[in-house]
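Report on the following structure.
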Amino acid sequence: PREKQFSITGSEIYYTEFLNALERIAWDSKYLYEVTDILLFATRFPHDKSYTNSPLNSLRQIYRLILPQTLVEPNERIAILSSLNKKYPTEIYNLILCLIKDLQNGYFTYNSTFRWRLRGCQNHGEYITLVPSHEIISIVQLMLNLYDNTVDNFCSLLELSFCRYIDCVRDLIITKLQAFKEIYVGNMKVVELLRKEIYQQRAYKDARWALSESELEQYMSLLKYIEPKDILLKNKHYFDDFNIEDPEHIVDDTDYSLQMEQFKTIRNSILREIIRANGIESVYELSHIVDNHEPLAMSLVSIYGANIAIEIYKRFVENSITLKFVVCFFHSLYYSIDEKNYLELVENLRSIDENSISVVLYSPNYHTT
């Protein structure tokens, strides 16, 4: 067992030499099955995640789709994984997920070889070649056959489907996701991920990795299907942050002031829609679920101004809305009307309840963190 965590050469882990030996003999086709079996088994044990060396990373290097660190042919590598899929279904699924992600975002290092072995064997070619589509199709089909439907797996597969380098299997993945969409209607984790991914694609549509509008149509259709039907949950994200990341509202980000004005217009429109549908009471319900009270408070002031201040104050006195929302409301109101009008308002509110008036008085100097 390891006796110390650090030595004179740096940090130490138990299995560096073990992984290095397995990586070396994995170059030889005679040993790849056994190496794969051992490494897949080893991934089941916890390891220090602060270290790059791990059984999973060794497998990722060996089974890379571009410059794999073995001389075994692609069809043989897939056959090995297929033969072990009943023994290690989750481990192989996660490995293939990483291999596909590595096509777009991965890094590459060469694995060492034994100097006295593999002499005369043909090594990798001089140039990096494209991965044939049939290889990607075969390995993704294996992954989809091993798919175990959980919200985390659904999200990881959904995120993977946006990868630019898997055009040949995107429809396969979407078909698998569509089969489980009913389960995730109203699931905010899935909705937020899907909304974010579509937004990124549309906001940076000229990027090399961006999908075309026609490719995004099936994602928009899925989003509309699983979005919550509740109007507050459906529109909550407009008020969670000052920046709005919604795929149906892409604004020009080259002028910050103009961008903020556009966001304000969008929020005000959404808030009016909510009020028309469910009444002013829905705004107070929304204030209890948003992540950030300021955008909602600013929109409320923009629409109603001081006309709703007395109602806000009364509700606060009755303890039906939160202190932070009230502070944000009066902070925003102070800067939308002049000081004289604000002080007159303070006197009116004071006649309703003196015990809580200090909140209205200190709100103008409130600073958010």
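Identifiers in this document derive from the order of the structure tokens: chains are assigned A, B, ..., residues are numbered from 1 separately in each chain, and ligands are numbered from 1 in order of occurrence.
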
Apply DSSP to the structure's backbone, then extract all residues of segment 205-367 of chain A labelled helix (DSSP H, G or I) and return them as a count of residues only. 113

Could you check how far atom CA of Asp28 of chain A sits from atom CA of Thr70 of chain A, in Å to one decimal? 6.8 Å

How far is it from atom CA of Arg195 of chain A to atom CA of Leu222 of chain A, in Å with one decimal? 10.1 Å

Just want the 8 Å neighbourhood of Lys196 of chain A, counted on only C-alpha atoms, with same-chain residues fewer than 2 positions away dropped. Output as JSON, numbers by chain. {"A": [192, 193, 194, 198, 199, 200, 245, 246, 247]}

Please identify all polymer residues within 8 Å of Val35 of chain A, counting only C-alpha atoms, omitting same-chain residues fewer than 6 positions from it, and present them as a count of residues only. 4
